[in-house]
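Quick look at structure_28.cif (mmCIF, C-alpha atoms and all ligand atoms):
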```
data_my_file
loop_
_atom_site.group_PDB
_atom_site.id
_atom_site.type_symbol
_atom_site.label_atom_id
_atom_site.label_comp_id
_atom_site.auth_asym_id
_atom_site.auth_seq_id
_atom_site.Cartn_x
_atom_site.Cartn_y
_atom_site.Cartn_z
ATOM 1 C CA MET A 1 0.000 0.000 0.000
ATOM 2 C CA LYS A 2 1.204 3.533 -0.790
ATOM 3 C CA ALA A 3 2.418 5.517 2.222
ATOM 4 C CA ASP A 4 0.111 8.311 3.333
ATOM 5 C CA PRO A 5 1.975 11.622 2.807
ATOM 6 C CA TYR A 6 0.178 13.067 5.839
ATOM 7 C CA ASP A 7 1.854 10.477 8.080
ATOM 8 C CA ILE A 8 5.147 12.185 7.146
ATOM 9 C CA PHE A 9 3.657 15.696 7.166
ATOM 10 C CA ALA A 10 2.143 15.159 10.647
ATOM 11 C CA ARG A 11 5.488 15.633 12.412
ATOM 12 C CA VAL A 12 5.880 19.186 11.121
ATOM 13 C CA TYR A 13 2.310 20.139 10.124
ATOM 14 C CA ASP A 14 1.663 22.503 13.048
ATOM 15 C CA ALA A 15 5.121 24.086 12.739
ATOM 16 C CA TRP A 16 4.451 24.585 8.988
ATOM 17 C CA GLN A 17 1.129 26.236 9.769
ATOM 18 C CA ALA A 18 2.938 28.496 12.258
ATOM 19 C CA GLY A 19 4.817 29.921 9.254
ATOM 20 C CA TYR A 20 1.553 31.574 8.091
ATOM 21 C CA PRO A 21 -0.118 34.601 9.730
ATOM 22 C CA LYS A 22 -2.557 32.142 11.377
ATOM 23 C CA PRO A 23 -3.201 28.405 11.035
ATOM 24 C CA PHE A 24 -5.647 28.028 8.150
ATOM 25 C CA SER A 25 -8.443 26.479 10.208
ATOM 26 C CA ARG A 26 -8.315 29.387 12.660
ATOM 27 C CA ALA A 27 -8.407 31.902 9.815
ATOM 28 C CA ILE A 28 -11.491 30.263 8.312
ATOM 29 C CA LEU A 29 -13.253 29.511 11.628
ATOM 30 C CA PRO A 30 -15.374 32.731 11.662
ATOM 31 C CA PHE A 31 -16.897 31.762 8.287
ATOM 32 C CA TYR A 32 -17.874 28.299 9.579
ATOM 33 C CA GLU A 33 -19.062 29.774 12.850
ATOM 34 C CA GLN A 34 -21.291 32.248 11.071
ATOM 35 C CA GLU A 35 -23.014 29.393 9.214
ATOM 36 C CA LEU A 36 -23.282 27.054 12.197
ATOM 37 C CA ILE A 37 -24.577 29.637 14.641
ATOM 38 C CA ARG A 38 -27.081 31.420 12.438
ATOM 39 C CA ARG A 39 -28.791 28.233 11.244
ATOM 40 C CA VAL A 40 -30.787 25.625 13.096
ATOM 41 C CA VAL A 41 -28.702 22.576 14.023
ATOM 42 C CA PRO A 42 -30.623 19.504 15.258
ATOM 43 C CA GLU A 43 -28.196 19.037 18.148
ATOM 44 C CA HIS A 44 -24.993 20.661 19.429
ATOM 45 C CA SER A 45 -22.763 17.863 18.221
ATOM 46 C CA LEU A 46 -20.191 18.177 15.449
ATOM 47 C CA VAL A 47 -17.698 16.065 13.537
ATOM 48 C CA ASP A 48 -14.621 17.656 12.002
ATOM 49 C CA LEU A 49 -13.935 15.506 8.923
ATOM 50 C CA ALA A 50 -10.277 15.197 7.899
ATOM 51 C CA CYS A 51 -9.572 16.928 11.217
ATOM 52 C CA GLY A 52 -5.782 16.777 10.845
ATOM 53 C CA THR A 53 -3.997 17.838 14.037
ATOM 54 C CA GLY A 54 -7.229 18.973 15.721
ATOM 55 C CA THR A 55 -6.773 22.753 15.392
ATOM 56 C CA PHE A 56 -10.392 23.414 14.385
ATOM 57 C CA ILE A 57 -11.775 21.160 17.135
ATOM 58 C CA GLU A 58 -9.666 22.922 19.751
ATOM 59 C CA ALA A 59 -10.720 26.378 18.553
ATOM 60 C CA TRP A 60 -14.389 25.347 18.378
ATOM 61 C CA ALA A 61 -14.319 23.837 21.891
ATOM 62 C CA ASN A 62 -12.752 26.999 23.290
ATOM 63 C CA ARG A 63 -15.597 29.095 21.900
ATOM 64 C CA HIS A 64 -18.521 26.661 22.297
ATOM 65 C CA ASP A 65 -17.964 24.430 25.276
ATOM 66 C CA ASP A 66 -21.425 22.811 25.206
ATOM 67 C CA TRP A 67 -20.853 20.918 21.926
ATOM 68 C CA LEU A 68 -20.125 17.207 21.740
ATOM 69 C CA LEU A 69 -17.132 16.850 19.417
ATOM 70 C CA PHE A 70 -15.816 14.161 17.090
ATOM 71 C CA GLY A 71 -12.897 14.166 14.668
ATOM 72 C CA ALA A 72 -12.130 11.777 11.823
ATOM 73 C CA ASP A 73 -9.060 11.478 9.631
ATOM 74 C CA GLN A 74 -7.459 8.675 7.652
ATOM 75 C CA SER A 75 -3.899 9.525 8.734
ATOM 76 C CA LYS A 76 -2.752 7.820 11.932
ATOM 77 C CA GLY A 77 0.111 10.323 12.162
ATOM 78 C CA MET A 78 -2.185 13.364 12.043
ATOM 79 C CA LEU A 79 -4.507 11.819 14.632
ATOM 80 C CA ARG A 80 -1.592 11.062 16.959
ATOM 81 C CA VAL A 81 -0.712 14.776 16.969
ATOM 82 C CA ALA A 82 -4.403 15.731 17.330
ATOM 83 C CA ARG A 83 -4.728 13.522 20.423
ATOM 84 C CA LYS A 84 -1.684 15.185 22.002
ATOM 85 C CA ASN A 85 -2.875 18.704 21.115
ATOM 86 C CA LEU A 86 -6.384 18.147 22.450
ATOM 87 C CA LYS A 87 -5.129 16.519 25.644
ATOM 88 C CA ARG A 88 -2.767 19.432 26.244
ATOM 89 C CA ALA A 89 -5.657 21.870 25.709
ATOM 90 C CA SER A 90 -7.991 19.758 27.932
ATOM 91 C CA VAL A 91 -10.465 19.417 25.070
ATOM 92 C CA SER A 92 -12.607 16.341 25.051
ATOM 93 C CA ALA A 93 -13.316 14.919 21.582
ATOM 94 C CA ARG A 94 -13.648 11.397 20.237
ATOM 95 C CA LEU A 95 -11.232 10.830 17.347
ATOM 96 C CA VAL A 96 -11.593 8.035 14.818
ATOM 97 C CA CYS A 97 -9.203 6.866 12.123
ATOM 98 C CA GLN A 98 -11.413 6.519 9.046
ATOM 99 C CA PRO A 99 -11.276 7.582 5.413
ATOM 100 C CA LEU A 100 -14.119 9.899 4.447
ATOM 101 C CA GLN A 101 -15.395 7.263 2.018
ATOM 102 C CA GLU A 102 -15.946 4.822 4.910
ATOM 103 C CA LEU A 103 -16.996 7.231 7.620
ATOM 104 C CA CYS A 104 -18.993 5.503 10.317
ATOM 105 C CA LEU A 105 -19.241 7.462 13.576
ATOM 106 C CA PRO A 106 -20.252 5.899 16.912
ATOM 107 C CA ARG A 107 -23.437 8.008 16.691
ATOM 108 C CA PRO A 108 -24.958 10.512 14.262
ATOM 109 C CA VAL A 109 -24.231 14.202 14.846
ATOM 110 C CA GLY A 110 -25.966 17.522 14.246
ATOM 111 C CA ALA A 111 -23.258 19.029 12.043
ATOM 112 C CA ALA A 112 -20.265 17.973 9.944
ATOM 113 C CA VAL A 113 -17.478 20.271 8.762
ATOM 114 C CA CYS A 114 -14.601 19.550 6.381
ATOM 115 C CA VAL A 115 -11.959 22.271 6.501
ATOM 116 C CA PHE A 116 -8.940 23.317 4.378
ATOM 117 C CA ASP A 117 -9.728 21.806 0.991
ATOM 118 C CA SER A 118 -9.670 18.285 2.422
ATOM 119 C CA LEU A 119 -12.364 17.235 -0.080
ATOM 120 C CA ASN A 120 -10.021 18.261 -2.920
ATOM 121 C CA HIS A 121 -7.778 15.435 -1.653
ATOM 122 C CA LEU A 122 -10.335 12.953 -3.027
ATOM 123 C CA THR A 123 -9.350 12.590 -6.644
ATOM 124 C CA ARG A 124 -12.047 10.273 -8.021
ATOM 125 C CA LEU A 125 -15.691 11.128 -8.529
ATOM 126 C CA ARG A 126 -16.798 7.821 -7.073
ATOM 127 C CA ASP A 127 -14.875 8.609 -3.862
ATOM 128 C CA LEU A 128 -16.536 12.023 -3.607
ATOM 129 C CA ARG A 129 -19.957 10.391 -4.019
ATOM 130 C CA ARG A 130 -19.162 7.629 -1.497
ATOM 131 C CA SER A 131 -17.905 10.215 0.991
ATOM 132 C CA PHE A 132 -21.028 12.352 0.726
ATOM 133 C CA ARG A 133 -23.215 9.288 1.225
ATOM 134 C CA ALA A 134 -21.188 8.246 4.285
ATOM 135 C CA ILE A 135 -21.396 11.801 5.673
ATOM 136 C CA ALA A 136 -25.179 11.792 5.142
ATOM 137 C CA ARG A 137 -25.434 8.552 7.141
ATOM 138 C CA SER A 138 -23.424 10.159 9.965
ATOM 139 C CA LEU A 139 -25.798 13.111 10.352
ATOM 140 C CA LEU A 140 -29.022 13.478 12.278
ATOM 141 C CA PRO A 141 -32.086 14.333 10.167
ATOM 142 C CA GLU A 142 -31.707 17.896 8.844
ATOM 143 C CA GLY A 143 -28.086 17.998 9.979
ATOM 144 C CA LEU A 144 -25.770 20.630 8.501
ATOM 145 C CA PHE A 145 -22.750 19.863 6.328
ATOM 146 C CA ILE A 146 -20.314 22.719 5.703
ATOM 147 C CA PHE A 147 -17.070 22.468 3.758
ATOM 148 C CA ASP A 148 -14.576 24.587 1.847
ATOM 149 C CA ILE A 149 -12.908 23.554 -1.378
ATOM 150 C CA ASN A 150 -10.349 25.275 -3.553
ATOM 151 C CA ASP A 151 -11.919 27.812 -5.797
ATOM 152 C CA GLU A 152 -12.555 26.181 -9.185
ATOM 153 C CA ARG A 153 -11.445 29.194 -11.215
ATOM 154 C CA ALA A 154 -8.358 29.870 -9.109
ATOM 155 C CA PHE A 155 -7.219 26.201 -8.984
ATOM 156 C CA PRO A 156 -4.741 26.366 -11.921
ATOM 157 C CA ARG A 157 -3.216 29.514 -10.383
ATOM 158 C CA ILE A 158 -3.066 28.011 -6.863
ATOM 159 C CA PHE A 159 -1.321 24.943 -8.288
ATOM 160 C CA SER A 160 1.489 26.783 -10.043
ATOM 161 C CA GLY A 161 4.858 28.187 -9.073
ATOM 162 C CA SER A 162 6.909 27.603 -5.970
ATOM 163 C CA TRP A 163 7.282 29.191 -2.588
ATOM 164 C CA THR A 164 8.868 28.617 0.801
ATOM 165 C CA VAL A 165 7.548 28.689 4.342
ATOM 166 C CA GLU A 166 9.809 29.134 7.344
ATOM 167 C CA SER A 167 9.230 28.902 11.056
ATOM 168 C CA ALA A 168 11.356 28.024 14.088
ATOM 169 C CA GLY A 169 13.506 25.011 13.162
ATOM 170 C CA LEU A 170 11.682 24.423 9.904
ATOM 171 C CA PHE A 171 12.165 25.264 6.245
ATOM 172 C CA VAL A 172 9.609 24.055 3.696
ATOM 173 C CA SER A 173 9.851 24.398 -0.060
ATOM 174 C CA ILE A 174 6.694 23.762 -2.075
ATOM 175 C CA VAL A 175 6.628 23.259 -5.838
ATOM 176 C CA ALA A 176 3.143 23.287 -7.296
ATOM 177 C CA SER A 177 2.032 22.085 -10.704
ATOM 178 C CA CYS A 178 -1.220 21.486 -12.507
ATOM 179 C CA ARG A 179 -2.000 19.065 -15.317
ATOM 180 C CA GLU A 180 -2.802 20.716 -18.609
ATOM 181 C CA ASP A 181 -6.486 19.864 -18.368
ATOM 182 C CA GLY A 182 -6.543 21.642 -14.969
ATOM 183 C CA VAL A 183 -8.271 18.692 -13.285
ATOM 184 C CA ARG A 184 -5.481 17.603 -10.954
ATOM 185 C CA GLY A 185 -2.782 19.598 -9.229
ATOM 186 C CA SER A 186 0.145 18.447 -7.181
ATOM 187 C CA LEU A 187 2.212 19.999 -4.414
ATOM 188 C CA ARG A 188 5.740 18.666 -3.952
ATOM 189 C CA TYR A 189 7.018 19.359 -0.440
ATOM 190 C CA THR A 190 10.655 19.312 0.614
ATOM 191 C CA VAL A 191 10.936 19.757 4.355
ATOM 192 C CA PHE A 192 14.093 20.532 6.322
ATOM 193 C CA GLU A 193 13.568 20.117 10.025
ATOM 194 C CA ARG A 194 16.119 20.924 12.722
ATOM 195 C CA ARG A 195 16.397 18.149 15.290
ATOM 196 C CA ARG A 196 18.865 19.035 18.003
ATOM 197 C CA ARG A 197 21.960 20.059 16.039
ATOM 198 C CA THR A 198 21.272 18.397 12.730
ATOM 199 C CA TRP A 199 18.813 19.004 9.929
ATOM 200 C CA SER A 200 16.761 16.163 8.493
ATOM 201 C CA ARG A 201 15.062 16.186 5.114
ATOM 202 C CA SER A 202 11.776 14.637 4.031
ATOM 203 C CA ASP A 203 9.989 14.715 0.685
ATOM 204 C CA PHE A 204 6.389 13.971 -0.164
ATOM 205 C CA SER A 205 3.689 15.019 -2.620
ATOM 206 C CA ILE A 206 0.028 15.788 -2.221
ATOM 207 C CA VAL A 207 -2.383 15.569 -5.141
ATOM 208 C CA GLU A 208 -5.653 17.482 -5.274
ATOM 209 C CA ARG A 209 -8.559 17.505 -7.686
ATOM 210 C CA ASN A 210 -10.261 20.599 -8.994
ATOM 211 C CA TRP A 211 -13.895 19.767 -8.298
ATOM 212 C CA LEU A 212 -16.276 21.501 -10.648
ATOM 213 C CA ARG A 213 -19.381 23.038 -9.172
ATOM 214 C CA GLY A 214 -21.666 20.743 -11.184
ATOM 215 C CA GLU A 215 -19.855 17.604 -9.960
ATOM 216 C CA VAL A 216 -20.175 18.671 -6.327
ATOM 217 C CA GLU A 217 -23.832 19.652 -6.723
ATOM 218 C CA GLU A 218 -24.699 16.327 -8.331
ATOM 219 C CA ALA A 219 -22.869 14.252 -5.690
ATOM 220 C CA LEU A 220 -24.523 16.223 -2.869
ATOM 221 C CA GLY A 221 -27.975 15.753 -4.420
ATOM 222 C CA LEU A 222 -27.435 11.993 -4.819
ATOM 223 C CA ALA A 223 -26.476 11.732 -1.139
ATOM 224 C CA GLY A 224 -29.641 13.557 -0.058
ATOM 225 C CA PHE A 225 -28.304 17.056 0.646
ATOM 226 C CA SER A 226 -29.977 20.358 -0.225
ATOM 227 C CA ILE A 227 -27.581 23.199 -0.921
ATOM 228 C CA ILE A 228 -28.370 26.250 1.194
ATOM 229 C CA ARG A 229 -25.532 28.566 0.211
ATOM 230 C CA VAL A 230 -22.352 28.578 -1.881
ATOM 231 C CA ARG A 231 -20.040 31.547 -1.680
ATOM 232 C CA ARG A 232 -16.488 32.566 -2.526
ATOM 233 C CA ILE A 233 -14.455 33.570 0.501
ATOM 234 C CA GLN A 234 -10.936 34.729 1.367
ATOM 235 C CA PRO A 235 -10.031 33.354 4.814
ATOM 236 C CA TYR A 236 -6.969 35.605 5.124
ATOM 237 C CA SER A 237 -7.003 39.356 4.625
ATOM 238 C CA HIS A 238 -5.659 40.628 1.285
ATOM 239 C CA SER A 239 -2.454 41.893 2.862
ATOM 240 C CA GLU A 240 -1.754 38.388 4.234
ATOM 241 C CA ILE A 241 -2.264 35.549 1.729
ATOM 242 C CA GLU A 242 -4.526 35.015 -1.231
ATOM 243 C CA ALA A 243 -6.271 31.683 -0.710
ATOM 244 C CA PRO A 244 -9.635 31.969 -2.471
ATOM 245 C CA ARG A 245 -12.077 29.154 -1.902
ATOM 246 C CA THR A 246 -15.709 28.244 -2.005
ATOM 247 C CA LEU A 247 -17.657 27.624 1.178
ATOM 248 C CA TRP A 248 -20.639 25.280 0.806
ATOM 249 C CA THR A 249 -23.447 25.041 3.348
ATOM 250 C CA CYS A 250 -25.815 22.094 2.926
ATOM 251 C CA ARG A 251 -28.568 20.433 4.875
ATOM 252 C CA LEU A 252 -29.495 16.768 4.890
ATOM 253 C CA ARG A 253 -32.975 16.431 3.431
ATOM 254 C CA HIS A 254 -35.286 14.771 5.926
ATOM 255 C CA ASP A 255 -36.843 12.500 3.329
ATOM 256 C CA ARG A 256 -33.539 11.307 1.887
ATOM 257 C CA GLN A 257 -31.778 10.145 5.010
ATOM 258 C CA ASP A 258 -30.702 6.551 4.533
ATOM 259 C CA ARG A 259 -29.126 5.097 7.627
ATOM 260 C CA THR A 260 -29.924 1.474 6.928
ATOM 261 C CA SER A 261 -26.440 0.668 5.672
ATOM 262 C CA ASN A 262 -24.641 2.085 8.723
ATOM 263 C CA PRO A 263 -23.446 -1.058 10.499
ATOM 264 C CA LEU A 264 -23.351 0.740 13.844
ATOM 265 C CA ASP A 265 -27.042 1.596 13.710
ATOM 266 C CA PRO A 266 -29.319 -0.615 15.765
HETATM 267 C C1 LIG B 301 -4.906 20.087 4.336
HETATM 268 S S1 LIG B 301 -5.092 18.914 5.614
HETATM 269 C C2 LIG B 301 -6.355 19.686 6.586
HETATM 270 C C3 LIG B 301 -6.323 19.259 8.030
HETATM 271 C C4 LIG B 301 -7.241 20.061 8.943
HETATM 272 N N1 LIG B 301 -8.618 19.982 8.486
HETATM 273 C C5 LIG B 301 -6.784 21.497 9.026
HETATM 274 O O1 LIG B 301 -7.601 22.385 8.764
HETATM 275 O O2 LIG B 301 -5.624 21.745 9.390
HETATM 276 C C6 LIG B 301 -5.969 17.591 4.815
HETATM 277 C C7 LIG B 301 -6.349 16.460 5.777
HETATM 278 O O3 LIG B 301 -7.179 15.556 5.057
HETATM 279 C C8 LIG B 301 -6.855 14.238 5.470
HETATM 280 N N2 LIG B 301 -7.334 13.366 4.398
HETATM 281 C C9 LIG B 301 -6.953 13.334 3.094
HETATM 282 N N3 LIG B 301 -7.665 12.427 2.408
HETATM 283 C C10 LIG B 301 -8.534 11.878 3.295
HETATM 284 C C11 LIG B 301 -9.545 10.874 3.196
HETATM 285 N N4 LIG B 301 -9.808 10.254 2.040
HETATM 286 N N5 LIG B 301 -10.239 10.538 4.313
HETATM 287 C C12 LIG B 301 -9.969 11.148 5.508
HETATM 288 N N6 LIG B 301 -9.018 12.096 5.659
HETATM 289 C C13 LIG B 301 -8.321 12.459 4.570
HETATM 290 C C14 LIG B 301 -5.361 14.269 5.647
HETATM 291 O O4 LIG B 301 -4.892 13.192 6.430
HETATM 292 C C15 LIG B 301 -5.193 15.639 6.312
HETATM 293 O O5 LIG B 301 -5.268 15.549 7.707
#
```
Structure rendered as structure tokens:
Amino acid sequence: MKADPYDIFARVYDAWQAGYPKPFSRAILPFYEQELIRRVVPEHSLVDLACGTGTFIEAWANRHDDWLLFGADQSKGMLRVARKNLKRASVSARLVCQPLQELCLPRPVGAAVCVFDSLNHLTRLRDLRRSFRAIARSLLPEGLFIFDINDERAFPRIFSGSWTVESAGLFVSIVASCREDGVRGSLRYTVFERRRRTWSRSDFSIVERNWLRGEVEEALGLAGFSIIRVRRIQPYSHSEIEAPRTLWTCRLRHDRQDRTSNPLDP
């Protein structure tokens, strides 16, 4: 089986994020919060899908301490760091190691979020459809599903060129490229990390897919979601970083909820 690049990335992920004005999930949190607070949620319970090192969960718990929290990610390495981070912050959340396509929570929740273009990491349409169906099964009737994906028009620009990110004891070079058809982009990371007196190097690549609006709409509809709002946002201010993306807010249609194939259901 191919190694998961995030198992390598996990060791330096938070330090890499510290090289930006704010970790991405903190920068985008107000946009998610606005959606989650202004709309009716069937219950104050939330799963952070592809939760990474738990930054969003920690920030959410600090601002809304009455919510029951879950996190899911397919990378054992990312979850190991998330467990440490949440323990250190005294945040209680149940974390499960599951790919989005096979999501099966211990119980359904009122809201699901998927932050930082994690859905762009699915590169096949059938995986996007399977993931949306699994997410639908993990929600309570009329539950909310909110996610951000890379902006479709900006994708070829986001996946081009090279840049570096530096923070204490870390130097990261990123070379981005996009296939000619603009459907898939790849980010090649070279990481130099200072450990005691020596520097160690690691290399890995992450591939993302440029999901077209029609593909996402169709997959959401098939899974039983109604789309409430789609809007372009800039999580960082213009003087910081340009990272345009699309924020989708959806609700599980009451009539379309199919929980019969969730093996954990009674
Ligand atoms: C860009 S990181 C975002 C992490 C976190 N949401 C954040 O805001 O920092 C993408 C995350 O998606 C996870 N991921 C990628 N493909 C996945 C899949 N098919 N199922 C579950 N998690 C996945 C990776 O392990 C990684 O933690």
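Remark: for ligand LIG 301 (chain B), the closest of the candidate residues A:Arg129, A:Arg63, A:Arg137, A:Arg39 is A:Arg129 (distances computed over only C-alpha atoms and all ligand atoms).
For ligand LIG 301 (chain B), the protein and nucleic acid residues at most 7 Å away, judged by all atoms listed in the file, amount to Tyr6, Phe24, Ser25, Leu49, Ala50, Cys51, Gly52, Thr53, Gly54, Thr55, Phe56, Ala72, Asp73, Gln74, Ser75, Met78, Gln98, Pro99, Leu100, Gln101, Cys114, Val115, Phe116, Asp117, Ser118, His121 and Leu122 of chain A.
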Store the residues of this selection in a file with C-alpha atoms, as an mmCIF file, keeping the file's coordinate frame.
```
data_model
loop_
_atom_site.group_PDB
_atom_site.id
_atom_site.type_symbol
_atom_site.label_atom_id
_atom_site.label_comp_id
_atom_site.auth_asym_id
_atom_site.auth_seq_id
_atom_site.Cartn_x
_atom_site.Cartn_y
_atom_site.Cartn_z
ATOM 1 C CA TYR A 6 0.178 13.067 5.839
ATOM 2 C CA PHE A 24 -5.647 28.028 8.150
ATOM 3 C CA SER A 25 -8.443 26.479 10.208
ATOM 4 C CA LEU A 49 -13.935 15.506 8.923
ATOM 5 C CA ALA A 50 -10.277 15.197 7.899
ATOM 6 C CA CYS A 51 -9.572 16.928 11.217
ATOM 7 C CA GLY A 52 -5.782 16.777 10.845
ATOM 8 C CA THR A 53 -3.997 17.838 14.037
ATOM 9 C CA GLY A 54 -7.229 18.973 15.721
ATOM 10 C CA THR A 55 -6.773 22.753 15.392
ATOM 11 C CA PHE A 56 -10.392 23.414 14.385
ATOM 12 C CA ALA A 72 -12.130 11.777 11.823
ATOM 13 C CA ASP A 73 -9.060 11.478 9.631
ATOM 14 C CA GLN A 74 -7.459 8.675 7.652
ATOM 15 C CA SER A 75 -3.899 9.525 8.734
ATOM 16 C CA MET A 78 -2.185 13.364 12.043
ATOM 17 C CA GLN A 98 -11.413 6.519 9.046
ATOM 18 C CA PRO A 99 -11.276 7.582 5.413
ATOM 19 C CA LEU A 100 -14.119 9.899 4.447
ATOM 20 C CA GLN A 101 -15.395 7.263 2.018
ATOM 21 C CA CYS A 114 -14.601 19.550 6.381
ATOM 22 C CA VAL A 115 -11.959 22.271 6.501
ATOM 23 C CA PHE A 116 -8.940 23.317 4.378
ATOM 24 C CA ASP A 117 -9.728 21.806 0.991
ATOM 25 C CA SER A 118 -9.670 18.285 2.422
ATOM 26 C CA HIS A 121 -7.778 15.435 -1.653
ATOM 27 C CA LEU A 122 -10.335 12.953 -3.027
#
```
Quick one: residues within 10 Å of Val216 (chain A), only C-alpha atoms counted, chain neighbours fewer than 2 positions away excluded, as a ChimeraX atom specification?
/A:125,128-129,132,211-214,218-222,248
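Across A:Gln17, A:Asn150, A:Ser90, A:Thr249, the tightest approach to Glu217 (chain A) is made by A:Thr249 when counting all atoms listed in the file.
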Just need the box for region 107-110 of chain A, edges along x, y and z, holding every atom the file lists for it with 3 Å tacked onto each side, so centre and edge lengths in Å to one decimal, as lines of an AutoDock Vina configuration file.
```
center_x = -24.7
center_y = 12.8
center_z = 15.5
size_x = 8.5
size_y = 15.5
size_z = 8.4
```
Run through the PyMOL selection byres (((chain A and resi 187) around 8) and not hetatm) on the given coordinates and return the selected residues as a ChimeraX atom specification.
/A:159,174-177,185-186,188-189,205-207
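Closest approach to Phe171 (chain A) among A:Ala15, A:Ile37, A:Ile146, A:Ala3: A:Ala15, based on all atoms listed in the file.
Pairwise distance (CA of Leu79 (chain A), CA of Phe9 (chain A)) equals 11.7 Å.
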So, counting all atoms listed in the file, which residue among A:Phe204, A:Phe31, A:Phe70, A:Phe225 is closest to Ala136 (chain A)?
A:Phe225
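Among the candidates A:Ala111, A:Ala61, A:Val230, A:Leu103, the one nearest to Leu86 (chain A) when counting all atoms listed in the file is A:Ala61.
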